[in-house]
Amino acid sequence: MVKVSIEYAGGLHCVATHGPSGKKLETDAPVDNNGKGESFSPTDLAATAFGTCMMTIMGIVAQRHQVELKGTKVEVTKEMSKDTPRRISKLTTEFWIPLPENFEKRAMLEQAALSCPVHHSLHPDVERPVVFHWTGK
């Protein structure tokens, strides 16, 4: 169990503290929802959690199989619904993996990414297209 403590700082800003480490992060409401967009919004953090979770699970599996993924890049594009209630409607994720397209453990690594806990925690209405680019020679 992990506890995250959150304090409202005013002006649509929050400061969250990660209990185990004491590390802090700040959020702000996005410009399109009355904020200044000065930091991650709560829904930006959901997109960040999605991408980092997929990369972390892929990394765990890669470590088990002595595969080096250092330098892999992940990009998540978040889209919000146009209707109400306001919600994340789509998280498009792209990976750039510096291994060859015919890498023997490719399917295993891709499946690992798609099995992350955040992926399984999102509402089924959230579209989640994922593209893997294998860029190595």
# chains A, B, ... in the order shown; residues from 1 in each chain; ligands from 1
call {"tool": "residues_around", "arguments": {"residues": "Lys105 in chain A", "least_positions_apart": "6", "cutoff": "9 Å", "atoms": "only C-alpha atoms", "output": "list of chain:residue names"}}
result
A:Ala62, A:His65, A:Val67
call {"tool": "write_last_selection", "arguments": {"atoms": "N, CA and C atoms", "output": "PDB file, in the first residue's frame"}}
result
ATOM      1  N   ALA A  62      12.317  -7.366 -19.783  1.00  0.00           N
ATOM      2  CA  ALA A  62      13.603  -7.286 -20.486  1.00  0.00           C
ATOM      3  C   ALA A  62      14.757  -7.651 -19.547  1.00  0.00           C
ATOM      4  N   HIS A  65      15.258 -11.280 -19.032  1.00  0.00           N
ATOM      5  CA  HIS A  65      15.779 -11.979 -20.210  1.00  0.00           C
ATOM      6  C   HIS A  65      17.075 -11.354 -20.731  1.00  0.00           C
ATOM      7  N   VAL A  67      17.825  -8.369 -21.728  1.00  0.00           N
ATOM      8  CA  VAL A  67      17.639  -7.524 -22.904  1.00  0.00           C
ATOM      9  C   VAL A  67      17.814  -6.080 -22.464  1.00  0.00           C
TER      10      VAL A  67
END
call {"tool": "select_by_dssp", "arguments": {"residues": "range 42-115 of chain A", "states": "alpha helix (DSSP H)", "output": "PyMOL selection string"}}
result
chain A and resi 42-64+106-114
call {"tool": "closest_atom_pairs", "arguments": {"of": "range 102-122 of chain A", "to": "range 73-95 of chain A", "cutoff": "12 Å", "atoms": "only C-alpha atoms", "output": "Markdown table"}}
result
| residue | atom | partner | partner_atom | distance |
| --- | --- | --- | --- | --- |
| A:Leu109 | CA | A:Phe95 | CA | 11.4 |
| A:Glu110 | CA | A:Phe95 | CA | 9.7 |
| A:Ala113 | CA | A:Phe95 | CA | 9.9 |
| A:Leu114 | CA | A:Thr93 | CA | 10.7 |
| A:Val118 | CA | A:Leu91 | CA | 11.8 |
| A:His119 | CA | A:Leu91 | CA | 10.2 |
| A:Leu122 | CA | A:Ile88 | CA | 9.7 |
call {"tool": "write_last_selection", "arguments": {"atoms": "N, CA and C atoms", "output": "PDB file, in the first residue's frame"}}
result
ATOM      1  N   LEU A 109       8.098  -8.772 -25.439  1.00  0.00           N
ATOM      2  CA  LEU A 109       8.236  -7.421 -24.897  1.00  0.00           C
ATOM      3  C   LEU A 109       6.990  -6.581 -25.163  1.00  0.00           C
ATOM      4  N   GLU A 110       6.434  -6.707 -26.365  1.00  0.00           N
ATOM      5  CA  GLU A 110       5.208  -5.967 -26.680  1.00  0.00           C
ATOM      6  C   GLU A 110       4.063  -6.424 -25.775  1.00  0.00           C
ATOM      7  N   ALA A 113       4.339  -4.909 -22.287  1.00  0.00           N
ATOM      8  CA  ALA A 113       3.869  -3.519 -22.225  1.00  0.00           C
ATOM      9  C   ALA A 113       2.349  -3.456 -22.144  1.00  0.00           C
ATOM     10  N   LEU A 114       1.690  -4.282 -22.936  1.00  0.00           N
ATOM     11  CA  LEU A 114       0.228  -4.265 -22.986  1.00  0.00           C
ATOM     12  C   LEU A 114      -0.422  -4.891 -21.750  1.00  0.00           C
ATOM     13  N   VAL A 118      -1.831  -0.280 -15.238  1.00  0.00           N
ATOM     14  CA  VAL A 118      -2.611   0.911 -15.616  1.00  0.00           C
ATOM     15  C   VAL A 118      -3.468   0.601 -16.830  1.00  0.00           C
ATOM     16  N   HIS A 119      -2.912  -0.108 -17.792  1.00  0.00           N
ATOM     17  CA  HIS A 119      -3.669  -0.502 -18.998  1.00  0.00           C
ATOM     18  C   HIS A 119      -4.931  -1.247 -18.594  1.00  0.00           C
ATOM     19  N   LEU A 122      -7.770   1.163 -16.732  1.00  0.00           N
ATOM     20  CA  LEU A 122      -8.509   2.204 -17.446  1.00  0.00           C
ATOM     21  C   LEU A 122      -9.895   1.716 -17.841  1.00  0.00           C
TER      22      LEU A 122
END
call {"tool": "residues_around", "arguments": {"residues": "Val61 in chain A", "least_positions_apart": "2", "cutoff": "12 Å", "atoms": "only C-alpha atoms", "output": "list in words"}}
result
Met54, Met55, Thr56, Ile57, Met58, Gly59, Gln63, Arg64, His65, Gln66, Val67, Glu68, Leu69, Lys105, Arg106, Ala107, Met108, Leu109, Glu110, Gln111, Ala112, Ala113, Ser115 and Cys116 of chain A
call {"tool": "write_last_selection", "arguments": {"atoms": "N, CA and C atoms", "output": "compact mmCIF listing (two decimals), in the first residue's frame"}}
result
# COMPACT_ATOMS: atom_id res chain seq x y z
N MET A 54 3.67 1.01 -18.84
CA MET A 54 3.98 0.09 -19.93
C MET A 54 5.48 -0.09 -20.09
N MET A 55 6.22 1.02 -20.02
CA MET A 55 7.68 0.94 -20.17
C MET A 55 8.30 0.19 -19.01
N THR A 56 7.80 0.40 -17.79
CA THR A 56 8.35 -0.28 -16.62
C THR A 56 8.14 -1.79 -16.69
N ILE A 57 6.93 -2.21 -17.05
CA ILE A 57 6.65 -3.65 -17.14
C ILE A 57 7.49 -4.27 -18.26
N MET A 58 7.60 -3.57 -19.38
CA MET A 58 8.46 -4.06 -20.46
C MET A 58 9.90 -4.16 -19.96
N GLY A 59 10.35 -3.17 -19.18
CA GLY A 59 11.70 -3.18 -18.63
C GLY A 59 11.94 -4.33 -17.67
N GLN A 63 14.73 -7.15 -18.31
CA GLN A 63 15.78 -7.49 -17.34
C GLN A 63 15.84 -8.99 -17.10
N ARG A 64 14.70 -9.60 -16.95
CA ARG A 64 14.65 -11.06 -16.71
C ARG A 64 15.31 -11.85 -17.83
N HIS A 65 15.26 -11.28 -19.03
CA HIS A 65 15.78 -11.98 -20.21
C HIS A 65 17.08 -11.35 -20.73
N GLN A 66 17.73 -10.55 -19.90
CA GLN A 66 19.00 -9.90 -20.25
C GLN A 66 18.91 -9.13 -21.57
N VAL A 67 17.83 -8.37 -21.73
CA VAL A 67 17.64 -7.52 -22.90
C VAL A 67 17.81 -6.08 -22.46
N GLU A 68 18.64 -5.32 -23.17
CA GLU A 68 18.89 -3.91 -22.84
C GLU A 68 17.91 -3.03 -23.63
N LEU A 69 17.10 -2.26 -22.91
CA LEU A 69 16.13 -1.36 -23.54
C LEU A 69 16.50 0.11 -23.34
N LYS A 105 12.73 -11.58 -29.29
CA LYS A 105 11.86 -11.46 -28.12
C LYS A 105 10.87 -10.29 -28.26
N ARG A 106 10.67 -9.86 -29.47
CA ARG A 106 9.80 -8.72 -29.75
C ARG A 106 8.38 -8.95 -29.22
N ALA A 107 7.75 -10.07 -29.57
CA ALA A 107 6.36 -10.33 -29.17
C ALA A 107 6.24 -10.36 -27.64
N MET A 108 7.20 -10.96 -26.98
CA MET A 108 7.18 -11.04 -25.52
C MET A 108 7.24 -9.64 -24.90
N LEU A 109 8.10 -8.77 -25.44
CA LEU A 109 8.24 -7.42 -24.90
C LEU A 109 6.99 -6.58 -25.16
N GLU A 110 6.43 -6.71 -26.36
CA GLU A 110 5.21 -5.97 -26.68
C GLU A 110 4.06 -6.42 -25.77
N GLN A 111 3.94 -7.72 -25.57
CA GLN A 111 2.88 -8.24 -24.70
C GLN A 111 3.07 -7.76 -23.26
N ALA A 112 4.31 -7.68 -22.82
CA ALA A 112 4.58 -7.18 -21.47
C ALA A 112 4.06 -5.75 -21.32
N ALA A 113 4.34 -4.91 -22.29
CA ALA A 113 3.87 -3.52 -22.22
C ALA A 113 2.35 -3.46 -22.14
N SER A 115 0.38 -5.53 -20.91
CA SER A 115 -0.18 -6.16 -19.71
C SER A 115 0.01 -5.32 -18.46
N CYS A 116 0.40 -4.06 -18.60
CA CYS A 116 0.67 -3.23 -17.42
C CYS A 116 -0.61 -2.98 -16.61
call {"tool": "select_by_dssp", "arguments": {"residues": "range 5-132 of chain A", "states": "strand (DSSP E or B)", "output": "PyMOL selection string"}}
result
chain A and resi 5-10+13-18+24-28+40+73-80+88-100+127+130-132
